file data24.txt (compact mmCIF, C-alpha atoms and all ligand atoms)
# COMPACT_ATOMS: atom_id res chain seq x y z
CA MET A 1 77.75 84.03 108.63
CA LYS A 2 76.21 86.50 106.21
CA LYS A 3 79.40 87.70 104.59
CA LEU A 4 81.14 84.32 104.54
CA THR A 5 78.30 82.77 102.55
CA SER A 6 77.76 85.79 100.29
CA SER A 7 78.97 85.83 96.70
CA PHE A 8 81.84 87.98 95.48
CA GLN A 9 82.44 89.34 92.01
CA LEU A 10 85.89 90.16 90.67
CA PRO A 11 86.03 93.39 88.64
CA CYS A 12 86.58 91.26 85.50
CA GLY A 13 83.16 89.67 86.07
CA SER A 14 83.99 86.24 87.55
CA LEU A 15 81.58 85.40 90.33
CA PHE A 16 82.59 83.36 93.39
CA GLN A 17 79.57 81.79 95.07
CA ASN A 18 80.97 82.41 98.56
CA ARG A 19 84.07 83.80 100.28
CA ILE A 20 85.96 80.56 100.90
CA ALA A 21 88.82 79.50 98.65
CA LYS A 22 91.04 76.47 98.84
CA SER A 23 94.58 77.77 98.66
CA ALA A 24 97.22 75.91 96.63
CA MET A 25 98.65 72.70 98.07
CA SER A 26 101.20 70.80 96.07
CA GLU A 27 99.58 67.38 95.76
CA ASN A 28 102.67 65.58 94.46
CA ILE A 29 100.44 62.95 92.80
CA GLY A 30 101.04 63.57 89.12
CA THR A 31 102.62 60.77 87.08
CA TYR A 32 106.41 60.59 86.82
CA LYS A 33 105.88 62.09 83.35
CA HIS A 34 104.06 64.99 85.04
CA ALA A 35 100.48 64.45 83.91
CA PRO A 36 97.56 64.70 86.34
CA THR A 37 96.55 61.25 87.63
CA LYS A 38 92.99 60.00 88.20
CA THR A 39 93.65 60.26 91.94
CA LEU A 40 94.53 63.93 91.60
CA ILE A 41 91.49 64.63 89.42
CA ASN A 42 89.18 62.76 91.83
CA ALA A 43 90.43 64.83 94.79
CA TYR A 44 89.16 67.93 92.97
CA LYS A 45 85.77 66.26 92.38
CA VAL A 46 85.55 65.74 96.14
CA TRP A 47 86.52 69.34 96.88
CA ALA A 48 84.17 70.74 94.22
CA ALA A 49 81.25 68.90 95.87
CA GLY A 50 81.93 70.97 99.02
CA GLN A 51 81.00 74.09 97.00
CA PRO A 52 83.80 76.58 97.77
CA GLY A 53 83.94 79.82 95.80
CA LEU A 54 87.36 79.00 94.38
CA LEU A 55 89.71 76.02 94.23
CA ILE A 56 93.36 76.78 93.47
CA THR A 57 95.41 73.77 92.41
CA GLY A 58 98.78 72.83 93.84
CA ASN A 59 101.65 74.42 91.97
CA ILE A 60 101.95 73.41 88.33
CA MET A 61 105.43 73.81 86.89
CA VAL A 62 106.26 75.63 83.67
CA ASP A 63 109.32 73.48 82.87
CA SER A 64 109.85 69.72 83.35
CA LYS A 65 113.56 70.45 83.90
CA ALA A 66 112.75 72.63 86.92
CA LEU A 67 110.71 70.66 89.47
CA GLY A 68 109.74 71.47 93.01
CA GLU A 69 108.72 67.88 93.69
CA PRO A 70 109.09 64.61 91.75
CA ARG A 71 105.42 64.20 90.93
CA ASN A 72 104.50 67.79 90.08
CA VAL A 73 102.19 68.34 87.15
CA VAL A 74 104.05 70.20 84.39
CA VAL A 75 102.37 72.06 81.54
CA GLU A 76 104.77 73.14 78.81
CA ASP A 77 102.88 71.88 75.74
CA TYR A 78 99.75 69.92 74.79
CA ARG A 79 101.00 66.44 75.70
CA HIS A 80 98.73 66.10 78.78
CA PHE A 81 95.85 68.14 77.33
CA ASP A 82 93.14 65.46 77.66
CA ALA A 83 93.95 64.87 81.32
CA LEU A 84 94.02 68.63 81.92
CA LYS A 85 90.57 68.94 80.34
CA GLU A 86 89.31 66.17 82.62
CA TRP A 87 90.78 68.00 85.63
CA ALA A 88 89.18 71.31 84.63
CA ALA A 89 85.83 69.54 84.11
CA THR A 90 85.68 68.49 87.80
CA VAL A 91 83.96 71.79 88.63
CA GLN A 92 81.49 71.75 85.74
CA GLY A 93 77.95 72.42 86.92
CA THR A 94 79.02 73.21 90.50
CA GLY A 95 79.52 76.97 90.22
CA VAL A 96 83.02 76.50 91.66
CA HIS A 97 85.96 78.27 90.00
CA LEU A 98 89.12 76.26 89.42
CA TRP A 99 92.42 78.09 88.95
CA PRO A 100 95.81 76.47 88.41
CA GLN A 101 98.73 77.88 90.36
CA ILE A 102 101.68 78.39 88.01
CA ASN A 103 105.22 78.14 89.32
CA HIS A 104 108.94 77.80 88.67
CA PRO A 105 110.97 76.68 91.72
CA GLY A 106 114.22 78.55 90.96
CA ARG A 107 116.76 77.57 93.64
CA GLN A 108 114.16 75.73 95.78
CA ALA A 109 114.62 72.64 93.61
CA PHE A 110 115.93 69.38 95.07
CA SER A 111 119.20 68.21 93.50
CA TRP A 112 118.00 64.61 93.18
CA ILE A 113 115.24 65.55 90.74
CA ASN A 114 116.89 68.42 88.84
CA GLN A 115 120.10 68.35 86.84
CA LYS A 116 120.61 72.08 86.58
CA VAL A 117 119.21 74.53 89.10
CA VAL A 118 118.80 78.18 88.13
CA ALA A 119 117.99 81.33 90.09
CA PRO A 120 118.45 85.10 89.81
CA SER A 121 121.83 84.78 91.57
CA ALA A 122 124.15 82.06 92.87
CA VAL A 123 122.86 82.24 96.44
CA PRO A 124 122.57 78.77 98.03
CA LEU A 125 119.85 77.80 100.49
CA ARG A 126 120.86 77.87 104.15
CA MET A 127 118.78 75.28 105.97
CA GLY A 128 121.25 73.51 108.24
CA GLY A 129 121.58 69.79 107.44
CA ALA A 130 118.74 70.00 104.92
CA SER A 131 120.83 72.34 102.70
CA ARG A 132 122.56 69.22 101.36
CA MET A 133 119.43 68.38 99.38
CA PHE A 134 119.95 71.52 97.28
CA GLN A 135 122.79 72.63 95.03
CA GLN A 136 124.19 76.08 94.43
CA PRO A 137 122.02 77.61 91.69
CA GLU A 138 123.42 79.01 88.46
CA PRO A 139 122.51 82.66 87.78
CA LEU A 140 120.07 82.99 84.90
CA GLU A 141 121.29 84.48 81.62
CA GLU A 142 119.19 87.28 80.07
CA ASN A 143 117.83 84.98 77.33
CA GLU A 144 116.95 82.27 79.88
CA ILE A 145 114.93 84.81 81.88
CA TRP A 146 112.87 85.72 78.81
CA THR A 147 112.33 82.02 78.04
CA ILE A 148 110.91 81.41 81.51
CA ILE A 149 108.65 84.46 81.25
CA LYS A 150 107.30 83.09 77.99
CA ARG A 151 106.77 79.70 79.62
CA PHE A 152 104.52 81.24 82.30
CA GLY A 153 102.34 82.66 79.52
CA THR A 154 102.24 79.43 77.54
CA THR A 155 101.32 77.36 80.60
CA ALA A 156 98.50 79.77 81.50
CA ARG A 157 97.14 79.76 77.94
CA ILE A 158 97.13 75.97 77.61
CA LEU A 159 95.35 75.65 80.97
CA LYS A 160 92.80 78.26 79.89
CA GLU A 161 92.17 76.26 76.71
CA ALA A 162 91.74 73.13 78.86
CA GLY A 163 88.88 74.85 80.71
CA PHE A 164 90.37 76.30 83.92
CA THR A 165 88.49 79.48 84.81
CA GLY A 166 91.42 81.71 85.84
CA CYS A 167 95.00 81.30 87.03
CA GLN A 168 97.36 82.31 89.80
CA ILE A 169 101.07 83.17 89.59
CA HIS A 170 103.04 81.70 92.50
CA GLY A 171 104.90 84.80 93.62
CA ALA A 172 105.38 83.71 97.24
CA HIS A 173 107.29 81.26 99.47
CA GLY A 174 110.79 81.75 98.05
CA TYR A 175 110.22 80.27 94.57
CA LEU A 176 111.56 81.96 91.44
CA VAL A 177 109.23 84.99 91.31
CA SER A 178 109.81 85.63 95.00
CA GLN A 179 113.58 85.05 94.56
CA PHE A 180 113.67 87.89 92.04
CA LEU A 181 111.79 90.17 94.46
CA SER A 182 114.06 89.51 97.43
CA PRO A 183 117.38 91.38 97.81
CA HIS A 184 118.60 88.35 99.80
CA THR A 185 118.38 86.02 96.77
CA ASN A 186 118.64 88.58 93.97
CA ILE A 187 122.04 90.30 93.98
CA ARG A 188 122.10 91.01 90.25
CA THR A 189 123.44 94.28 88.97
CA ASP A 190 121.60 94.29 85.62
CA GLN A 191 118.02 95.38 84.84
CA TRP A 192 116.64 92.46 86.94
CA GLY A 193 118.34 93.37 90.23
CA GLY A 194 119.17 96.25 92.56
CA SER A 195 116.26 98.68 93.01
CA LEU A 196 112.80 97.34 93.83
CA LYS A 197 111.65 98.47 90.39
CA ASN A 198 114.31 96.22 88.85
CA ARG A 199 113.63 93.28 91.18
CA ALA A 200 109.90 93.58 90.40
CA ARG A 201 110.58 93.57 86.65
CA PHE A 202 110.38 89.77 86.49
CA VAL A 203 106.92 89.52 88.10
CA VAL A 204 105.66 92.42 85.98
CA GLU A 205 106.89 90.75 82.78
CA VAL A 206 105.42 87.39 83.87
CA TYR A 207 102.05 89.02 84.54
CA GLN A 208 102.10 90.91 81.24
CA GLU A 209 103.09 87.82 79.24
CA ILE A 210 100.27 85.81 80.82
CA ARG A 211 97.84 88.65 80.14
CA ARG A 212 99.03 88.81 76.52
CA GLN A 213 98.41 85.08 76.07
CA VAL A 214 95.09 84.71 77.95
CA GLY A 215 93.38 87.96 76.97
CA ALA A 216 91.95 90.94 78.80
CA ASN A 217 89.00 89.50 80.72
CA TYR A 218 90.46 86.25 82.02
CA PRO A 219 91.16 86.32 85.78
CA VAL A 220 94.86 86.37 86.64
CA GLY A 221 95.86 86.46 90.30
CA ILE A 222 99.04 86.20 92.32
CA LYS A 223 100.09 84.79 95.68
CA ILE A 224 102.63 87.11 97.22
CA ASN A 225 104.62 87.30 100.43
CA SER A 226 103.72 89.96 102.96
CA ALA A 227 107.41 89.55 103.82
CA ASP A 228 110.10 86.86 103.74
CA PHE A 229 110.74 87.24 107.50
CA GLN A 230 114.48 86.97 106.80
CA ARG A 231 117.23 89.45 107.52
CA GLY A 232 118.01 91.26 104.27
CA GLY A 233 114.91 89.79 102.59
CA PHE A 234 111.76 91.17 100.97
CA THR A 235 110.08 93.50 103.48
CA GLU A 236 106.50 94.48 104.22
CA THR A 237 107.09 97.93 102.78
CA GLU A 238 108.44 96.45 99.54
CA SER A 239 105.59 93.97 99.37
CA MET A 240 103.09 96.82 99.60
CA GLU A 241 104.85 98.61 96.76
CA VAL A 242 104.68 95.52 94.57
CA VAL A 243 100.99 95.12 95.41
CA GLY A 244 100.58 98.72 94.21
CA ILE A 245 102.42 98.04 90.94
CA LEU A 246 100.39 94.89 90.17
CA SER A 247 97.12 96.58 91.12
CA ASN A 248 97.86 99.40 88.69
CA LEU A 249 98.48 96.81 85.98
CA GLY A 250 95.02 95.36 86.61
CA ILE A 251 95.72 92.06 88.37
CA ASP A 252 92.44 90.47 89.47
CA LEU A 253 93.13 88.91 92.89
CA ILE A 254 96.04 89.16 95.32
CA GLU A 255 96.52 86.39 97.87
CA ILE A 256 98.66 87.24 100.89
CA SER A 257 101.02 84.76 102.51
CA GLY A 258 104.66 84.88 103.68
CA GLY A 259 107.92 82.99 104.18
CA THR A 260 110.34 80.78 102.24
CA TYR A 261 111.89 77.30 102.66
CA GLU A 262 114.50 78.95 104.90
CA LYS A 263 111.82 80.61 107.01
CA PRO A 264 108.52 78.74 106.58
CA ALA A 265 106.21 81.49 107.83
CA MET A 266 103.44 80.30 105.48
CA VAL A 267 102.54 77.46 107.86
CA LYS A 268 103.52 78.98 111.21
CA ARG A 269 102.80 82.20 113.04
CA GLN A 270 105.95 84.38 113.12
CA LYS A 271 105.15 87.34 115.31
CA LYS A 272 104.28 87.03 119.01
CA SER A 273 102.43 90.32 118.70
CA THR A 274 99.84 88.66 116.44
CA GLN A 275 99.24 85.68 118.79
CA ALA A 276 95.70 86.78 119.61
CA ARG A 277 94.74 86.87 115.95
CA GLU A 278 93.73 83.73 114.14
CA ALA A 279 95.15 84.48 110.69
CA TYR A 280 98.94 84.89 110.47
CA PHE A 281 99.12 87.92 108.16
CA LEU A 282 96.08 89.90 109.27
CA ASP A 283 98.15 92.92 110.40
CA TYR A 284 99.68 93.20 106.96
CA VAL A 285 96.43 92.84 105.06
CA GLU A 286 94.90 95.64 107.15
CA LYS A 287 97.73 97.92 106.04
CA VAL A 288 97.67 96.91 102.40
CA ARG A 289 93.88 97.27 102.15
CA LYS A 290 94.32 101.00 102.69
CA GLN A 291 96.27 101.36 99.48
CA THR A 292 94.58 99.06 97.00
CA GLN A 293 91.08 98.36 95.73
CA THR A 294 92.18 95.08 94.14
CA PRO A 295 90.38 92.09 95.70
CA LEU A 296 92.43 90.52 98.48
CA MET A 297 92.55 86.94 99.72
CA LEU A 298 94.28 86.07 102.98
CA THR A 299 95.63 82.60 103.74
CA GLY A 300 97.30 81.06 106.76
CA GLY A 301 95.92 80.12 110.16
CA PHE A 302 92.14 80.53 109.74
CA ARG A 303 90.46 77.83 111.83
CA THR A 304 87.12 79.10 113.12
CA ARG A 305 83.97 80.40 111.53
CA LYS A 306 84.07 83.27 113.98
CA GLY A 307 87.64 84.18 113.00
CA MET A 308 86.79 84.13 109.29
CA GLU A 309 83.65 86.21 109.80
CA ALA A 310 85.47 88.77 111.94
CA ALA A 311 88.22 89.14 109.33
CA LEU A 312 85.68 89.64 106.52
CA ASP A 313 83.65 92.07 108.63
CA SER A 314 86.77 94.20 109.11
CA ASP A 315 86.62 94.79 105.34
CA CYS A 316 90.37 94.33 104.94
CA LEU A 317 89.96 91.19 102.82
CA ASP A 318 87.45 89.73 100.41
CA ILE A 319 88.27 86.02 100.32
CA VAL A 320 89.30 83.65 103.11
CA GLY A 321 91.97 81.19 102.00
CA LEU A 322 92.26 77.78 103.65
CA ALA A 323 94.77 75.05 102.86
CA ARG A 324 95.46 72.30 105.45
CA PRO A 325 91.84 72.24 106.74
CA PHE A 326 90.65 71.25 103.25
CA CYS A 327 92.61 67.97 103.60
CA LEU A 328 90.81 66.99 106.78
CA HIS A 329 87.44 68.58 106.04
CA PRO A 330 86.95 67.70 102.37
CA ARG A 331 83.36 68.97 102.28
CA LEU A 332 84.40 72.50 103.14
CA PRO A 333 82.72 74.95 103.09
CA LYS A 334 79.35 73.14 102.87
CA ASP A 335 79.80 71.41 106.23
CA LEU A 336 80.99 74.63 107.86
CA PHE A 337 77.98 76.53 106.54
CA GLU A 338 75.68 73.74 107.74
CA LYS A 339 77.32 74.13 111.17
CA LYS A 340 78.57 70.54 111.29
CA TYR A 341 81.60 71.97 113.13
CA ASP A 342 82.86 75.35 114.31
CA ARG A 343 86.59 74.73 114.50
CA LEU A 344 88.66 73.19 111.74
CA SER A 345 91.48 70.78 112.51
CA ALA A 346 94.90 71.14 110.98
CA PRO A 347 97.42 69.42 113.28
CA VAL A 348 101.20 69.61 112.89
CA PRO A 349 102.17 65.93 112.60
CA LYS A 350 105.51 64.85 114.10
CA ILE A 351 107.97 62.09 113.27
CA GLY A 352 108.72 61.69 116.97
CA ILE A 353 112.49 62.13 116.56
CA ALA A 354 113.32 65.63 117.85
CA LEU A 355 116.22 66.30 115.49
CA LEU A 356 114.21 65.39 112.39
CA ASP A 357 111.15 67.30 113.53
CA LYS A 358 113.37 70.35 114.08
CA ILE A 359 114.67 70.38 110.50
CA GLY A 360 111.31 70.42 108.84
CA GLY A 361 109.55 67.27 109.91
CA VAL A 362 106.88 65.58 107.94
CA GLU A 363 104.07 68.10 107.67
CA LEU A 364 103.86 68.50 103.90
CA PRO A 365 104.00 64.76 102.99
CA TRP A 366 101.47 64.02 105.76
CA TYR A 367 98.99 66.42 104.16
CA GLU A 368 99.84 65.18 100.67
CA ILE A 369 98.85 61.66 101.75
CA GLN A 370 95.55 63.02 103.03
CA ILE A 371 94.92 64.52 99.55
CA GLN A 372 95.83 61.18 97.99
CA ARG A 373 93.29 59.48 100.27
CA LEU A 374 90.55 61.88 99.11
CA GLY A 375 91.39 61.08 95.50
CA GLN A 376 91.15 57.36 96.27
CA GLY A 377 87.66 57.78 97.68
CA LYS A 378 88.79 57.40 101.31
CA GLU A 379 88.11 59.61 104.28
CA PRO A 380 90.94 61.64 105.89
CA HIS A 381 93.06 59.73 108.45
CA LEU A 382 93.69 61.99 111.43
CA GLN A 383 95.68 59.38 113.33
CA LEU A 384 98.09 58.75 110.45
CA SER A 385 101.56 58.19 111.94
CA GLY A 386 104.18 60.84 111.12
CA LEU A 387 106.92 58.22 111.40
CA ILE A 388 105.30 55.99 108.77
CA VAL A 389 104.87 58.98 106.44
CA PHE A 390 108.54 59.86 106.96
CA VAL A 391 109.78 56.33 106.12
CA THR A 392 107.47 56.15 103.06
CA SER A 393 108.79 59.51 101.80
CA ILE A 394 112.41 58.35 102.11
CA LEU A 395 111.64 55.13 100.22
CA ARG A 396 109.90 57.12 97.47
CA MET A 397 112.92 59.43 97.20
CA ILE A 398 115.27 56.46 96.80
CA ARG A 399 112.97 54.87 94.19
CA LYS A 400 112.88 58.08 92.16
CA ALA A 401 116.67 58.59 92.45
CA LEU A 402 117.27 55.00 91.27
CA ALA A 403 114.83 55.48 88.38
CA LYS A 404 116.84 58.55 87.33
CA ASN A 405 120.15 56.69 87.16
C1 LIG A 501 100.93 69.91 101.72
C2 LIG A 501 101.04 71.40 101.44
C3 LIG A 501 101.42 71.81 100.19
C4 LIG A 501 101.47 73.17 99.89
N1 LIG A 501 101.77 73.55 98.60
C5 LIG A 501 101.64 74.85 98.25
C6 LIG A 501 101.74 75.23 96.89
O1 LIG A 501 101.90 74.42 95.98
N2 LIG A 501 101.63 76.55 96.62
C7 LIG A 501 101.40 77.49 97.59
O2 LIG A 501 101.27 78.67 97.28
N3 LIG A 501 101.28 77.15 98.88
C8 LIG A 501 101.38 75.85 99.23
N4 LIG A 501 101.19 75.50 100.53
C9 LIG A 501 100.87 76.54 101.53
C10 LIG A 501 99.37 76.75 101.66
O3 LIG A 501 98.77 77.21 100.46
C11 LIG A 501 99.02 77.78 102.76
O4 LIG A 501 99.60 79.02 102.40
C12 LIG A 501 99.51 77.35 104.14
O5 LIG A 501 99.28 75.97 104.36
C13 LIG A 501 98.79 78.15 105.23
O6 LIG A 501 97.40 78.01 105.15
P1 LIG A 501 96.59 77.05 106.20
O7 LIG A 501 96.97 77.53 107.58
O8 LIG A 501 95.14 77.27 105.88
O9 LIG A 501 97.05 75.66 105.96
C14 LIG A 501 101.17 74.15 100.88
C15 LIG A 501 100.81 73.71 102.17
C16 LIG A 501 100.73 72.36 102.45
C17 LIG A 501 100.30 71.93 103.83

call {"tool": "encode", "arguments": {"input": "data24.txt", "output": "structure tokens"}}
result
Amino acid sequence: MKKLTSSFQLPCGSLFQNRIAKSAMSENIGTYKHAPTKTLINAYKVWAAGQPGLLITGNIMVDSKALGEPRNVVVEDYRHFDALKEWAATVQGTGVHLWPQINHPGRQAFSWINQKVVAPSAVPLRMGGASRMFQQPEPLEENEIWTIIKRFGTTARILKEAGFTGCQIHGAHGYLVSQFLSPHTNIRTDQWGGSLKNRARFVVEVYQEIRRQVGANYPVGIKINSADFQRGGFTETESMEVVGILSNLGIDLIEISGGTYEKPAMVKRQKKSTQAREAYFLDYVEKVRKQTQTPLMLTGGFRTRKGMEAALDSDCLDIVGLARPFCLHPRLPKDLFEKKYDRLSAPVPKIGIALLDKIGGVELPWYEIQIQRLGQGKEPHLQLSGLIVFVTSILRMIRKALAKN
């Protein structure tokens, strides 16, 4: 376990006390006015007590008019500053770093919580029956693009002032940054579309605006797709080029993931050829390691101490990212290091109705409820029924839609 428990220093000087990071999980437990709740803040106290190197929050939105989920935290000004300070203070004295993940959903924004949905181009989501929950996005105007870029910077700066110790751009999973990168969702013919250089312009400008607002030595990372796994989408080769561009600009940490709402590779292994390997995107990270010295974090599929150790020993990554296991093993990594278990659980809960399980099921809300339980001082509930979670989510959706009208 030598490497897993060893510290790691980013080139900017930030020191992680070990190699385990909690990857972002949208908690969906902000208030309906998008402030962090006590429950949300308490969940981070629980996680901080487990002593990971780094905790990355669930995605925080840059605009209250562009939500991924109804109860996202939004930071666009100082209105929730006291609660943000309280959230950032959860890691005080623990040696744990706490970074917010900053996001704009672009076209992956449910119609029932967003009046206007914007994206690089008017390309609708194709998700079978579930597509009905989304509307055709409106292509962003030049001035709107610059406004969003500015928002990323403002959100990062306010969170820095609140006490967060770094930040991460959400550049993966088919949200706005990733929509600009992908030729499937970005069919623009201006300076923001076409060549990879043009499609990468948005992420480059977002990074530079954040850097301008937070200063030179503050850690800024990104979560990026190894690929979208979609025909005509962002490829591995393109992803490696973007990693190269961001590395040259001095980004501090690159987290590797993959997939979009249309192809949710982030929570499921995609390639049969990688079956024997625990982490989903290990093949990619091995390739990308050869071309960048920037610290790399890999997330998706890690479940055993042995698997994490082997990946670190291969020297192709620096930080092991874990998401779902943190919901069911809240004292990670302490308990793992103390050998209280060897294998982490992260089941895929089912509703029990084949058709519904096929179109996306109940996985995310099931894990969100586990986070809520942690914040309420309860232990995780492994036997929680998928059907009950499904019915509760529908009722919540109706309540929110009624509140809107
Ligand atoms: C409930 C839930 C919410 C998630 N929300 C986010 C998010 O806000 N941002 C993000 O980058 N990834 C999000 N993810 C994806 C995870 O960060 C991670 O990439 C994925 O779960 C694979 O890692 P794991 O196998 O360790 O769970 C979420 C996953 C779950 C289960």

call {"tool": "atom_distance", "arguments": {"input": "data24.txt", "atom1": "CA of Asp335 in chain A", "atom2": "CA of Gly50 in chain A"}}
result
7.5 Å

call {"tool": "residues_near_ligand", "arguments": {"input": "data24.txt", "ligand": "ligand LIG 501 (chain A)", "cutoff": "9 Å", "atoms": "all atoms listed in the file", "output": "PyMOL selection string"}}
result
chain A and resi 22-28+56-60+68+101-103+169-173+223-224+256-258+265-268+279-280+298-303+321-327+346+363-371

call {"tool": "residues_around", "arguments": {"input": "data24.txt", "residues": "range 283-285 of chain A", "least_positions_apart": "3", "cutoff": "8 Å", "atoms": "all atoms listed in the file", "output": "JSON, numbers by chain"}}
result
{"A": [226, 236, 256, 274, 288, 289, 298, 316, 317]}

call {"tool": "residues_near_point", "arguments": {"input": "data24.txt", "point": "(114.1, 77.1, 106.7)", "cutoff": "9 Å", "atoms": "all atoms listed in the file", "output": "JSON, numbers by chain"}}
result
{"A": [125, 126, 127, 128, 130, 259, 260, 261, 262, 263, 264, 359, 360]}

call {"tool": "write_last_selection", "arguments": {"input": "data24.txt", "atoms": "C-alpha atoms", "output": "mmCIF file, keeping the file's coordinate frame"}}
result
data_model
loop_
_atom_site.group_PDB
_atom_site.id
_atom_site.type_symbol
_atom_site.label_atom_id
_atom_site.label_comp_id
_atom_site.auth_asym_id
_atom_site.auth_seq_id
_atom_site.Cartn_x
_atom_site.Cartn_y
_atom_site.Cartn_z
ATOM 1 C CA LEU A 125 119.850 77.800 100.490
ATOM 2 C CA ARG A 126 120.860 77.870 104.150
ATOM 3 C CA MET A 127 118.780 75.280 105.970
ATOM 4 C CA GLY A 128 121.250 73.510 108.240
ATOM 5 C CA ALA A 130 118.740 70.000 104.920
ATOM 6 C CA GLY A 259 107.920 82.990 104.180
ATOM 7 C CA THR A 260 110.340 80.780 102.240
ATOM 8 C CA TYR A 261 111.890 77.300 102.660
ATOM 9 C CA GLU A 262 114.500 78.950 104.900
ATOM 10 C CA LYS A 263 111.820 80.610 107.010
ATOM 11 C CA PRO A 264 108.520 78.740 106.580
ATOM 12 C CA ILE A 359 114.670 70.380 110.500
ATOM 13 C CA GLY A 360 111.310 70.420 108.840
#

call {"tool": "residues_around", "arguments": {"input": "data24.txt", "residues": "Val214 in chain A", "least_positions_apart": "6", "cutoff": "8 Å", "atoms": "all atoms listed in the file", "output": "list of chain:residue names"}}
result
A:Gly153, A:Ala156, A:Arg157, A:Lys160

call {"tool": "write_last_selection", "arguments": {"input": "data24.txt", "atoms": "C-alpha atoms", "output": "PDB file, in the frame of the given file"}}
result
ATOM      1  CA  GLY A 153     102.340  82.660  79.520  1.00  0.00           C
ATOM      2  CA  ALA A 156      98.500  79.770  81.500  1.00  0.00           C
ATOM      3  CA  ARG A 157      97.140  79.760  77.940  1.00  0.00           C
ATOM      4  CA  LYS A 160      92.800  78.260  79.890  1.00  0.00           C
TER       5      LYS A 160
END

call {"tool": "closest_residue", "arguments": {"input": "data24.txt", "among": "A:Leu382, A:Ile20, A:Ile251, A:Ala109", "to": "Ser131 in chain A", "atoms": "only C-alpha atoms"}}
result
A:Ala109

call {"tool": "closest_residue", "arguments": {"input": "data24.txt", "among": "A:Arg396, A:Lys197, A:Lys33, A:Lys378", "to": "Leu328 in chain A", "atoms": "all atoms listed in the file"}}
result
A:Lys378

call {"tool": "atom_distance", "arguments": {"input": "data24.txt", "atom1": "CA of Pro219 in chain A", "atom2": "CA of Asp252 in chain A"}}
result
5.7 Å

call {"tool": "residues_around", "arguments": {"input": "data24.txt", "residues": "Trp146 in chain A", "least_positions_apart": "4", "cutoff": "12 Å", "atoms": "all atoms listed in the file", "output": "list in words"}}
result
Leu140, Glu141, Glu142, Lys150, Arg151, Phe152, Gly153, Trp192, Arg201, Phe202, Val203, Glu205, Val206 and Glu209 of chain A

call {"tool": "write_last_selection", "arguments": {"input": "data24.txt", "atoms": "C-alpha atoms", "output": "CSV table (one decimal), in the frame of the given file"}}
result
chain,number,residue,atom,x,y,z
A,140,LEU,CA,120.1,83.0,84.9
A,141,GLU,CA,121.3,84.5,81.6
A,142,GLU,CA,119.2,87.3,80.1
A,150,LYS,CA,107.3,83.1,78.0
A,151,ARG,CA,106.8,79.7,79.6
A,152,PHE,CA,104.5,81.2,82.3
A,153,GLY,CA,102.3,82.7,79.5
A,192,TRP,CA,116.6,92.5,86.9
A,201,ARG,CA,110.6,93.6,86.6
A,202,PHE,CA,110.4,89.8,86.5
A,203,VAL,CA,106.9,89.5,88.1
A,205,GLU,CA,106.9,90.8,82.8
A,206,VAL,CA,105.4,87.4,83.9
A,209,GLU,CA,103.1,87.8,79.2

call {"tool": "atom_distance", "arguments": {"input": "data24.txt", "atom1": "CA of Leu4 in chain A", "atom2": "CA of Arg19 in chain A"}}
result
5.2 Å

call {"tool": "closest_residue", "arguments": {"input": "data24.txt", "among": "A:Gly244, A:Pro70, A:Gly193, A:Pro380", "to": "Tyr32 in chain A", "atoms": "all atoms listed in the file"}}
result
A:Pro70

call {"tool": "closest_residue", "arguments": {"input": "data24.txt", "among": "A:Gly13, A:Gly53, A:Gly386, A:Pro36", "to": "Val320 in chain A", "atoms": "all atoms listed in the file"}}
result
A:Gly53

call {"tool": "axis_aligned_box", "arguments": {"input": "data24.txt", "around": "range 313-319 of chain A", "padding_each_side": "5 Å", "output": "lines of an AutoDock Vina configuration file"}}
result
center_x = 87.0
center_y = 90.4
center_z = 104.7
size_x = 16.7
size_y = 18.8
size_z = 18.8

call {"tool": "closest_residue", "arguments": {"input": "data24.txt", "among": "A:Pro100, A:Gly250, A:Gly30, A:Gly163", "to": "Gln293 in chain A", "atoms": "only C-alpha atoms"}}
result
A:Gly250

call {"tool": "closest_residue", "arguments": {"input": "data24.txt", "among": "A:Leu10, A:Val243, A:Ala88, A:Ala276", "to": "Ile41 in chain A", "atoms": "all atoms listed in the file"}}
result
A:Ala88

call {"tool": "residues_around", "arguments": {"input": "data24.txt", "residues": "His104 in chain A", "least_positions_apart": "5", "cutoff": "7 Å", "atoms": "only C-alpha atoms", "output": "compact mmCIF listing (two decimals) with C-alpha atoms, keeping the file's coordinate frame"}}
result
# COMPACT_ATOMS: atom_id res chain seq x y z
CA MET A 61 105.43 73.81 86.89
CA VAL A 62 106.26 75.63 83.67
CA ALA A 66 112.75 72.63 86.92
CA TYR A 175 110.22 80.27 94.57
CA LEU A 176 111.56 81.96 91.44
